[in-house]
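Okay, so here's the structure we're looking at.
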Number of protein chains: 2
Amino acid sequence: MKVPILRLKDILLTSIQIDLTDEDALEFQSDVLRNINETEAKGIVIDITALDVVDSYMARMLNETATMVQILGADVVICGMQPSVALTLVEMGRELIDVKTALNLEQGFEMIQHITENRGR
Amino acid sequence: MKVPILRLKDILLTSIQIDLTDEDALEFQSDVLRNINETEAKGIVIDITALDVVDSYMARMLNETATMVQILGADVVICGMQPSVALTLVEMGRELIDVKTALNLEQGFEMIQHITENRGR
């Protein structure tokens with residue numbers, strides 16, 4: 001099960017629309033990194049609206065992916081987190097660290113455009 | 001296999017990234033229509049970059065989907081058609097009729113924004 005990654009100008013958009021197995025999550029991670037590298041995108045928005053449950057593995061994967069993307073030199077915004085997911089993550093002590101978040105894809109897209117435009121200033 | 005549909009402002013973005021069975025294609029069609037209805041989107045961009053082959057069934061489905069979307073009151077742009085697909089479609093006499101096309105997702109997104117902004121003028 002591949003998570004599709006769309007390119008729009010300098011930005012990649014991706015939406016996780018089903019629960020990923022641990023294996024899928026790893027494949028998604030490497031897909032994201034490869035896509036950023038190939039497309040020379042400045043940033044990526046990862047939409048997790050469809051994820052009703054984010055376990056500690058998934059939380060770590062999202063955190064790590066964000067760090068990897070930033071090391072590559074791009075920016076990342078995660079959007080669409082369900083209230084229940086935010087609640088669980090904090091209760092687990094598994095907050096997303098150093099990852100910018102937005103309410104929905106629209107706001108995430110605006111945020112990443114703003115971030116990438118102001119980079120280096 | 002669901003084709004994901006992303007919403008960005010008034011526009012839906014969708015990317016067919018694997019070959020669809022006839023059944024998948026029908027499900028995709030009803031997903032598109034339901035999504036436009038639910039989100040009240042003004043337009044949709046359908047990216048078919050990943051389709052190396054568009055048979056006459058798929059061509060008819062794309063044409064019909066576009067017509068249905070327009071009847072609903074939204075606009076549609078199909079983007080990312082492979083050169084070989086364009087070649088085959090014309091040779092089969094199966095051109096996409098009355099469907100606007102764009103080279104890639106970026107141009108498709110700009111085109112649909114332009115179309116929806118100028119609608120009714």
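Identifiers in the structure tokens: chain A, B, ... in order shown; residue index from 1 per chain; ligand index from 1 in order shown.
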Just need chain A moved onto chain B: least-squares over all Cα atoms matched in order, then output as a compact mmCIF listing (two decimals) with N, CA, C and O atoms, in the first residue's frame.
# COMPACT_ATOMS: atom_id res chain seq x y z
N MET A 1 -8.49 -0.78 -3.35
CA MET A 1 -7.49 0.27 -3.55
C MET A 1 -8.15 1.62 -3.77
O MET A 1 -8.70 1.88 -4.83
N LYS A 2 -8.09 2.46 -2.78
CA LYS A 2 -8.71 3.78 -2.88
C LYS A 2 -7.76 4.79 -3.49
O LYS A 2 -6.58 4.81 -3.15
N VAL A 3 -8.27 5.63 -4.36
CA VAL A 3 -7.48 6.75 -4.87
C VAL A 3 -7.72 7.93 -3.92
O VAL A 3 -8.85 8.34 -3.73
N PRO A 4 -6.67 8.43 -3.31
CA PRO A 4 -6.87 9.51 -2.33
C PRO A 4 -7.25 10.82 -3.00
O PRO A 4 -6.76 11.13 -4.09
N ILE A 5 -8.11 11.54 -2.35
CA ILE A 5 -8.54 12.84 -2.85
C ILE A 5 -8.23 13.89 -1.79
O ILE A 5 -8.70 13.79 -0.66
N LEU A 6 -7.38 14.86 -2.14
CA LEU A 6 -6.97 15.88 -1.18
C LEU A 6 -7.72 17.17 -1.45
O LEU A 6 -8.00 17.50 -2.60
N ARG A 7 -8.04 17.90 -0.39
CA ARG A 7 -8.74 19.16 -0.57
C ARG A 7 -7.79 20.30 -0.25
O ARG A 7 -7.12 20.31 0.78
N LEU A 8 -7.73 21.27 -1.16
CA LEU A 8 -6.89 22.45 -0.94
C LEU A 8 -7.73 23.65 -1.31
O LEU A 8 -8.01 23.89 -2.48
N LYS A 9 -8.15 24.39 -0.31
CA LYS A 9 -9.08 25.49 -0.52
C LYS A 9 -10.34 24.96 -1.23
O LYS A 9 -10.93 24.01 -0.79
N ASP A 10 -10.67 25.57 -2.36
CA ASP A 10 -11.90 25.18 -3.08
C ASP A 10 -11.65 24.09 -4.09
O ASP A 10 -12.52 23.73 -4.87
N ILE A 11 -10.42 23.58 -4.11
CA ILE A 11 -10.02 22.66 -5.17
C ILE A 11 -9.71 21.28 -4.59
O ILE A 11 -9.11 21.17 -3.53
N LEU A 12 -10.14 20.26 -5.30
CA LEU A 12 -9.73 18.91 -4.92
C LEU A 12 -8.58 18.46 -5.82
O LEU A 12 -8.56 18.78 -7.01
N LEU A 13 -7.64 17.76 -5.23
CA LEU A 13 -6.53 17.21 -6.00
C LEU A 13 -6.57 15.70 -5.85
O LEU A 13 -6.69 15.19 -4.74
N THR A 14 -6.47 15.02 -6.97
CA THR A 14 -6.41 13.57 -6.86
C THR A 14 -5.42 13.02 -7.87
O THR A 14 -5.22 13.60 -8.94
N SER A 15 -4.76 11.98 -7.49
CA SER A 15 -3.71 11.42 -8.33
C SER A 15 -3.91 9.92 -8.45
O SER A 15 -3.87 9.20 -7.46
N ILE A 16 -4.14 9.47 -9.67
CA ILE A 16 -4.27 8.03 -9.89
C ILE A 16 -2.86 7.48 -10.07
O ILE A 16 -2.22 7.75 -11.08
N GLN A 17 -2.36 6.75 -9.08
CA GLN A 17 -0.95 6.37 -9.13
C GLN A 17 -0.72 4.90 -9.46
O GLN A 17 0.42 4.45 -9.53
N ILE A 18 -1.80 4.16 -9.60
CA ILE A 18 -1.62 2.78 -10.06
C ILE A 18 -2.71 2.49 -11.09
O ILE A 18 -3.68 3.23 -11.19
N ASP A 19 -2.51 1.44 -11.87
CA ASP A 19 -3.55 1.06 -12.81
C ASP A 19 -4.79 0.62 -12.05
O ASP A 19 -4.68 -0.17 -11.10
N LEU A 20 -5.93 1.14 -12.45
CA LEU A 20 -7.17 0.80 -11.77
C LEU A 20 -7.88 -0.32 -12.50
O LEU A 20 -7.90 -0.36 -13.73
N THR A 21 -8.46 -1.24 -11.74
CA THR A 21 -9.36 -2.20 -12.36
C THR A 21 -10.64 -1.45 -12.73
O THR A 21 -10.87 -0.33 -12.27
N ASP A 22 -11.47 -2.07 -13.55
CA ASP A 22 -12.73 -1.42 -13.93
C ASP A 22 -13.56 -1.09 -12.69
O ASP A 22 -14.21 -0.06 -12.61
N GLU A 23 -13.51 -1.98 -11.72
CA GLU A 23 -14.26 -1.79 -10.48
C GLU A 23 -13.71 -0.59 -9.69
O GLU A 23 -14.46 0.26 -9.23
N ASP A 24 -12.38 -0.55 -9.57
CA ASP A 24 -11.73 0.58 -8.89
C ASP A 24 -12.09 1.89 -9.57
O ASP A 24 -12.32 2.91 -8.91
N ALA A 25 -12.13 1.85 -10.91
CA ALA A 25 -12.42 3.06 -11.67
C ALA A 25 -13.82 3.58 -11.34
O ALA A 25 -14.02 4.79 -11.16
N LEU A 26 -14.76 2.67 -11.22
CA LEU A 26 -16.13 3.08 -10.88
C LEU A 26 -16.18 3.65 -9.47
O LEU A 26 -16.89 4.63 -9.20
N GLU A 27 -15.44 3.00 -8.56
CA GLU A 27 -15.42 3.47 -7.17
C GLU A 27 -14.79 4.86 -7.12
O GLU A 27 -15.26 5.75 -6.41
N PHE A 28 -13.73 5.03 -7.91
CA PHE A 28 -13.06 6.34 -7.99
C PHE A 28 -14.04 7.40 -8.47
O PHE A 28 -14.13 8.49 -7.91
N GLN A 29 -14.81 7.04 -9.51
CA GLN A 29 -15.79 7.97 -10.06
C GLN A 29 -16.79 8.43 -8.99
O GLN A 29 -17.03 9.63 -8.83
N SER A 30 -17.33 7.47 -8.24
CA SER A 30 -18.32 7.87 -7.25
C SER A 30 -17.67 8.59 -6.07
O SER A 30 -18.27 9.49 -5.47
N ASP A 31 -16.41 8.24 -5.75
CA ASP A 31 -15.68 8.96 -4.71
C ASP A 31 -15.51 10.43 -5.09
O ASP A 31 -15.69 11.33 -4.26
N VAL A 32 -15.14 10.66 -6.35
CA VAL A 32 -14.93 12.02 -6.84
C VAL A 32 -16.22 12.83 -6.68
O VAL A 32 -16.23 13.93 -6.13
N LEU A 33 -17.32 12.25 -7.16
CA LEU A 33 -18.59 12.97 -7.12
C LEU A 33 -19.04 13.23 -5.68
O LEU A 33 -19.48 14.32 -5.34
N ARG A 34 -18.89 12.22 -4.82
CA ARG A 34 -19.30 12.38 -3.43
C ARG A 34 -18.45 13.45 -2.74
O ARG A 34 -18.96 14.29 -1.99
N ASN A 35 -17.14 13.42 -3.02
CA ASN A 35 -16.24 14.40 -2.42
C ASN A 35 -16.57 15.83 -2.84
O ASN A 35 -16.53 16.74 -2.03
N ILE A 36 -16.87 16.01 -4.12
CA ILE A 36 -17.22 17.35 -4.60
C ILE A 36 -18.49 17.82 -3.92
O ILE A 36 -18.60 18.95 -3.46
N ASN A 37 -19.43 16.91 -3.81
CA ASN A 37 -20.68 17.24 -3.16
C ASN A 37 -20.48 17.60 -1.69
O ASN A 37 -20.98 18.62 -1.21
N GLU A 38 -19.70 16.80 -0.99
CA GLU A 38 -19.49 17.02 0.45
C GLU A 38 -18.67 18.28 0.74
O GLU A 38 -18.95 19.01 1.67
N THR A 39 -17.62 18.48 -0.06
CA THR A 39 -16.71 19.58 0.25
C THR A 39 -17.13 20.87 -0.44
O THR A 39 -16.55 21.92 -0.19
N GLU A 40 -18.12 20.78 -1.32
CA GLU A 40 -18.56 21.94 -2.11
C GLU A 40 -17.38 22.56 -2.85
O GLU A 40 -17.28 23.79 -2.97
N ALA A 41 -16.51 21.72 -3.36
CA ALA A 41 -15.35 22.19 -4.11
C ALA A 41 -15.79 22.79 -5.44
O ALA A 41 -16.80 22.39 -6.00
N LYS A 42 -15.02 23.76 -5.89
CA LYS A 42 -15.36 24.40 -7.16
C LYS A 42 -14.74 23.66 -8.34
O LYS A 42 -15.16 23.85 -9.48
N GLY A 43 -13.72 22.89 -8.06
CA GLY A 43 -13.08 22.19 -9.16
C GLY A 43 -12.22 21.04 -8.68
O GLY A 43 -11.93 20.92 -7.49
N ILE A 44 -11.82 20.21 -9.62
CA ILE A 44 -10.97 19.07 -9.27
C ILE A 44 -9.90 18.88 -10.34
O ILE A 44 -10.15 19.07 -11.53
N VAL A 45 -8.70 18.56 -9.88
CA VAL A 45 -7.61 18.22 -10.80
C VAL A 45 -7.34 16.73 -10.66
O VAL A 45 -7.12 16.23 -9.56
N ILE A 46 -7.41 16.03 -11.77
CA ILE A 46 -7.15 14.59 -11.76
C ILE A 46 -5.81 14.33 -12.44
O ILE A 46 -5.65 14.57 -13.63
N ASP A 47 -4.86 13.89 -11.65
CA ASP A 47 -3.50 13.64 -12.15
C ASP A 47 -3.38 12.19 -12.61
O ASP A 47 -3.60 11.28 -11.83
N ILE A 48 -3.03 11.99 -13.88
CA ILE A 48 -2.92 10.61 -14.39
C ILE A 48 -1.50 10.30 -14.83
O ILE A 48 -1.28 9.44 -15.68
N THR A 49 -0.54 11.02 -14.23
CA THR A 49 0.88 10.81 -14.59
C THR A 49 1.27 9.33 -14.55
O THR A 49 2.00 8.85 -15.41
N ALA A 50 0.78 8.63 -13.55
CA ALA A 50 1.24 7.26 -13.35
C ALA A 50 0.59 6.26 -14.30
O ALA A 50 0.99 5.10 -14.33
N LEU A 51 -0.41 6.69 -15.06
CA LEU A 51 -1.08 5.77 -15.97
C LEU A 51 -0.28 5.65 -17.28
O LEU A 51 -0.23 6.58 -18.07
N ASP A 52 0.34 4.51 -17.47
CA ASP A 52 1.09 4.29 -18.71
C ASP A 52 0.17 3.84 -19.82
O ASP A 52 0.46 3.98 -21.00
N VAL A 53 -0.95 3.24 -19.43
CA VAL A 53 -1.90 2.75 -20.41
C VAL A 53 -3.30 3.25 -20.03
O VAL A 53 -3.70 3.15 -18.88
N VAL A 54 -4.00 3.84 -20.98
CA VAL A 54 -5.41 4.20 -20.77
C VAL A 54 -6.21 3.47 -21.84
O VAL A 54 -6.15 3.82 -23.01
N ASP A 55 -6.91 2.43 -21.45
CA ASP A 55 -7.70 1.69 -22.43
C ASP A 55 -9.02 2.41 -22.69
O ASP A 55 -9.29 3.45 -22.09
N SER A 56 -9.82 1.87 -23.57
CA SER A 56 -11.01 2.62 -23.98
C SER A 56 -12.01 2.72 -22.82
O SER A 56 -12.74 3.68 -22.70
N TYR A 57 -12.01 1.71 -21.94
CA TYR A 57 -12.88 1.79 -20.77
C TYR A 57 -12.48 2.95 -19.87
O TYR A 57 -13.31 3.75 -19.43
N MET A 58 -11.19 3.03 -19.60
CA MET A 58 -10.66 4.08 -18.73
C MET A 58 -10.90 5.46 -19.37
O MET A 58 -11.25 6.42 -18.67
N ALA A 59 -10.70 5.54 -20.68
CA ALA A 59 -10.92 6.80 -21.38
C ALA A 59 -12.38 7.24 -21.23
O ALA A 59 -12.67 8.40 -20.94
N ARG A 60 -13.29 6.28 -21.40
CA ARG A 60 -14.70 6.62 -21.27
C ARG A 60 -15.03 7.03 -19.84
O ARG A 60 -15.75 7.99 -19.60
N MET A 61 -14.42 6.32 -18.88
CA MET A 61 -14.66 6.64 -17.48
C MET A 61 -14.20 8.06 -17.17
O MET A 61 -14.90 8.83 -16.51
N LEU A 62 -13.03 8.43 -17.67
CA LEU A 62 -12.52 9.78 -17.42
C LEU A 62 -13.43 10.83 -18.05
O LEU A 62 -13.77 11.84 -17.43
N ASN A 63 -13.85 10.56 -19.28
CA ASN A 63 -14.77 11.46 -19.97
C ASN A 63 -16.07 11.63 -19.20
O ASN A 63 -16.56 12.74 -19.00
N GLU A 64 -16.62 10.49 -18.79
CA GLU A 64 -17.91 10.52 -18.08
C GLU A 64 -17.77 11.24 -16.74
O GLU A 64 -18.64 12.01 -16.35
N THR A 65 -16.67 10.94 -16.04
CA THR A 65 -16.45 11.59 -14.74
C THR A 65 -16.42 13.10 -14.92
O THR A 65 -17.05 13.85 -14.16
N ALA A 66 -15.69 13.55 -15.95
CA ALA A 66 -15.59 14.98 -16.21
C ALA A 66 -16.97 15.58 -16.47
O ALA A 66 -17.32 16.63 -15.94
N THR A 67 -17.75 14.89 -17.29
CA THR A 67 -19.11 15.39 -17.59
C THR A 67 -19.95 15.44 -16.32
O THR A 67 -20.66 16.42 -16.06
N MET A 68 -19.87 14.41 -15.51
CA MET A 68 -20.65 14.37 -14.26
C MET A 68 -20.25 15.52 -13.33
O MET A 68 -21.10 16.16 -12.73
N VAL A 69 -18.94 15.73 -13.22
CA VAL A 69 -18.46 16.81 -12.36
C VAL A 69 -19.01 18.14 -12.85
O VAL A 69 -19.47 18.98 -12.05
N GLN A 70 -19.01 18.33 -14.18
CA GLN A 70 -19.49 19.59 -14.74
C GLN A 70 -21.00 19.75 -14.53
O GLN A 70 -21.48 20.85 -14.27
N ILE A 71 -21.72 18.65 -14.61
CA ILE A 71 -23.17 18.71 -14.36
C ILE A 71 -23.43 19.09 -12.91
O ILE A 71 -24.34 19.85 -12.60
N LEU A 72 -22.58 18.58 -12.02
CA LEU A 72 -22.72 18.93 -10.60
C LEU A 72 -22.50 20.43 -10.39
O LEU A 72 -22.96 21.01 -9.41
N GLY A 73 -21.73 21.03 -11.28
CA GLY A 73 -21.47 22.46 -11.16
C GLY A 73 -20.03 22.80 -10.82
O GLY A 73 -19.72 23.93 -10.46
N ALA A 74 -19.15 21.82 -10.96
CA ALA A 74 -17.73 22.08 -10.69
C ALA A 74 -16.94 21.95 -11.99
O ALA A 74 -17.48 21.53 -13.01
N ASP A 75 -15.68 22.32 -11.94
CA ASP A 75 -14.84 22.20 -13.13
C ASP A 75 -13.80 21.11 -12.92
O ASP A 75 -13.51 20.72 -11.80
N VAL A 76 -13.25 20.65 -14.03
CA VAL A 76 -12.29 19.56 -13.94
C VAL A 76 -11.14 19.78 -14.92
O VAL A 76 -11.35 20.27 -16.03
N VAL A 77 -9.95 19.47 -14.46
CA VAL A 77 -8.78 19.48 -15.34
C VAL A 77 -8.06 18.15 -15.15
O VAL A 77 -7.85 17.71 -14.02
N ILE A 78 -7.73 17.52 -16.25
CA ILE A 78 -6.95 16.28 -16.18
C ILE A 78 -5.50 16.61 -16.53
O ILE A 78 -5.24 17.33 -17.50
N CYS A 79 -4.56 16.14 -15.72
CA CYS A 79 -3.18 16.54 -15.99
C CYS A 79 -2.23 15.35 -15.95
O CYS A 79 -2.55 14.29 -15.42
N GLY A 80 -1.08 15.57 -16.55
CA GLY A 80 -0.01 14.58 -16.47
C GLY A 80 -0.14 13.42 -17.45
O GLY A 80 0.43 12.36 -17.21
N MET A 81 -0.87 13.63 -18.54
CA MET A 81 -1.02 12.53 -19.49
C MET A 81 0.32 12.18 -20.15
O MET A 81 1.04 13.06 -20.61
N GLN A 82 0.66 10.91 -20.14
CA GLN A 82 1.88 10.46 -20.80
C GLN A 82 1.74 10.66 -22.31
O GLN A 82 0.66 10.46 -22.86
N PRO A 83 2.84 11.00 -23.00
CA PRO A 83 2.80 11.14 -24.46
C PRO A 83 2.22 9.89 -25.13
O PRO A 83 1.40 10.00 -26.04
N SER A 84 2.62 8.73 -24.64
CA SER A 84 2.14 7.48 -25.26
C SER A 84 0.63 7.34 -25.11
O SER A 84 -0.05 6.78 -25.98
N VAL A 85 0.10 7.84 -24.00
CA VAL A 85 -1.34 7.77 -23.77
C VAL A 85 -2.07 8.70 -24.74
O VAL A 85 -3.07 8.32 -25.36
N ALA A 86 -1.55 9.92 -24.91
CA ALA A 86 -2.14 10.86 -25.86
C ALA A 86 -2.16 10.24 -27.26
O ALA A 86 -3.17 10.29 -27.98
N LEU A 87 -1.03 9.63 -27.61
CA LEU A 87 -0.91 8.99 -28.93
C LEU A 87 -1.97 7.90 -29.12
O LEU A 87 -2.70 7.88 -30.11
N THR A 88 -2.06 7.03 -28.12
CA THR A 88 -2.99 5.91 -28.23
C THR A 88 -4.44 6.40 -28.27
O THR A 88 -5.25 5.91 -29.05
N LEU A 89 -4.77 7.36 -27.41
CA LEU A 89 -6.15 7.84 -27.34
C LEU A 89 -6.61 8.38 -28.69
O LEU A 89 -7.70 8.08 -29.16
N VAL A 90 -5.76 9.18 -29.32
CA VAL A 90 -6.14 9.76 -30.61
C VAL A 90 -6.24 8.67 -31.67
O VAL A 90 -7.17 8.65 -32.47
N GLU A 91 -5.28 7.74 -31.64
CA GLU A 91 -5.33 6.65 -32.63
C GLU A 91 -6.58 5.79 -32.46
O GLU A 91 -7.13 5.29 -33.42
N MET A 92 -7.02 5.63 -31.20
CA MET A 92 -8.23 4.85 -30.94
C MET A 92 -9.49 5.67 -31.26
O MET A 92 -10.60 5.14 -31.18
N GLY A 93 -9.30 6.95 -31.53
CA GLY A 93 -10.48 7.81 -31.71
C GLY A 93 -11.20 8.04 -30.40
O GLY A 93 -12.41 8.18 -30.32
N ARG A 94 -10.41 8.05 -29.32
CA ARG A 94 -10.99 8.14 -27.98
C ARG A 94 -10.48 9.38 -27.25
O ARG A 94 -10.16 9.32 -26.07
N GLU A 95 -10.34 10.45 -27.99
CA GLU A 95 -9.88 11.67 -27.34
C GLU A 95 -10.78 12.03 -26.16
O GLU A 95 -11.95 11.67 -26.13
N LEU A 96 -10.19 12.73 -25.22
CA LEU A 96 -10.99 13.24 -24.12
C LEU A 96 -11.74 14.47 -24.65
O LEU A 96 -11.13 15.44 -25.09
N ILE A 97 -13.05 14.39 -24.66
CA ILE A 97 -13.86 15.43 -25.28
C ILE A 97 -14.31 16.42 -24.20
O ILE A 97 -14.78 16.00 -23.13
N ASP A 98 -14.14 17.68 -24.47
CA ASP A 98 -14.61 18.70 -23.54
C ASP A 98 -13.93 18.62 -22.18
O ASP A 98 -14.50 19.07 -21.19
N VAL A 99 -12.78 18.00 -22.12
CA VAL A 99 -12.07 17.96 -20.85
C VAL A 99 -10.80 18.78 -21.01
O VAL A 99 -10.02 18.57 -21.93
N LYS A 100 -10.62 19.72 -20.10
CA LYS A 100 -9.39 20.52 -20.16
C LYS A 100 -8.23 19.70 -19.63
O LYS A 100 -8.38 18.95 -18.67
N THR A 101 -7.07 19.85 -20.25
CA THR A 101 -5.91 19.09 -19.81
C THR A 101 -4.74 20.03 -19.54
O THR A 101 -4.66 21.12 -20.10
N ALA A 102 -3.84 19.58 -18.69
CA ALA A 102 -2.64 20.36 -18.39
C ALA A 102 -1.46 19.39 -18.29
O ALA A 102 -1.64 18.20 -18.04
N LEU A 103 -0.28 19.94 -18.51
CA LEU A 103 0.91 19.08 -18.56
C LEU A 103 1.23 18.39 -17.25
O LEU A 103 1.57 17.23 -17.21
N ASN A 104 1.13 19.15 -16.17
CA ASN A 104 1.45 18.54 -14.87
C ASN A 104 0.54 19.14 -13.79
O ASN A 104 -0.26 20.02 -14.06
N LEU A 105 0.69 18.61 -12.59
CA LEU A 105 -0.20 19.00 -11.50
C LEU A 105 -0.14 20.49 -11.23
O LEU A 105 -1.15 21.14 -10.97
N GLU A 106 1.07 21.04 -11.31
CA GLU A 106 1.25 22.47 -11.03
C GLU A 106 0.44 23.32 -12.01
O GLU A 106 -0.32 24.20 -11.62
N GLN A 107 0.60 23.00 -13.30
CA GLN A 107 -0.13 23.76 -14.32
C GLN A 107 -1.64 23.48 -14.24
O GLN A 107 -2.45 24.36 -14.49
N GLY A 108 -1.98 22.25 -13.89
CA GLY A 108 -3.39 21.90 -13.73
C GLY A 108 -4.02 22.69 -12.60
O GLY A 108 -5.16 23.17 -12.71
N PHE A 109 -3.28 22.83 -11.51
CA PHE A 109 -3.79 23.56 -10.34
C PHE A 109 -3.98 25.03 -10.68
O PHE A 109 -4.99 25.65 -10.32
N GLU A 110 -3.00 25.59 -11.40
CA GLU A 110 -3.13 26.99 -11.81
C GLU A 110 -4.32 27.17 -12.75
O GLU A 110 -5.08 28.14 -12.64
N MET A 111 -4.47 26.21 -13.67
CA MET A 111 -5.56 26.30 -14.64
C MET A 111 -6.92 26.25 -13.95
O MET A 111 -7.80 27.06 -14.22
N ILE A 112 -7.07 25.33 -13.01
CA ILE A 112 -8.38 25.18 -12.36
C ILE A 112 -8.67 26.40 -11.48
O ILE A 112 -9.81 26.84 -11.38
N GLN A 113 -7.63 26.96 -10.86
CA GLN A 113 -7.84 28.17 -10.07
C GLN A 113 -8.33 29.31 -10.97
O GLN A 113 -9.24 30.05 -10.63
N HIS A 114 -7.68 29.42 -12.14
CA HIS A 114 -8.06 30.46 -13.09
C HIS A 114 -9.50 30.26 -13.57
O HIS A 114 -10.29 31.19 -13.62
N ILE A 115 -9.82 29.01 -13.88
CA ILE A 115 -11.17 28.71 -14.39
C ILE A 115 -12.23 29.04 -13.33
O ILE A 115 -13.23 29.69 -13.60
N THR A 116 -11.99 28.58 -12.11
CA THR A 116 -13.01 28.77 -11.08
C THR A 116 -13.15 30.23 -10.68
O THR A 116 -14.23 30.70 -10.36
N GLU A 117 -12.01 30.95 -10.74
CA GLU A 117 -12.07 32.39 -10.39
C GLU A 117 -12.84 33.18 -11.43
O GLU A 117 -13.47 34.19 -11.11
N ASN A 118 -12.76 32.74 -12.70
CA ASN A 118 -13.40 33.48 -13.77
C ASN A 118 -14.78 32.97 -14.14
O ASN A 118 -15.38 33.40 -15.10
N ARG A 119 -15.25 32.02 -13.36
CA ARG A 119 -16.54 31.43 -13.67
C ARG A 119 -17.66 32.45 -13.47
O ARG A 119 -17.65 33.21 -12.49
N GLY A 120 -18.58 32.44 -14.36
CA GLY A 120 -19.75 33.31 -14.20
C GLY A 120 -19.50 34.72 -14.66
O GLY A 120 -20.37 35.58 -14.58
N ARG A 121 -18.25 34.96 -15.15
CA ARG A 121 -18.00 36.32 -15.64
C ARG A 121 -18.39 36.43 -17.10
O ARG A 121 -18.31 35.45 -17.85
message = If DSSP is run on the backbone, what residues of chain B are alpha helix (DSSP H)? A reply as a PyMOL selection string would be ideal.
response = chain B and resi 22-39+56-72+83-91+105-117
task = Check segment 7-55 of chain A with DSSP on the backbone and list each residue it calls strand (DSSP E or B), as a ChimeraX atom specification.
result = /A:7-8,11-15,43-47
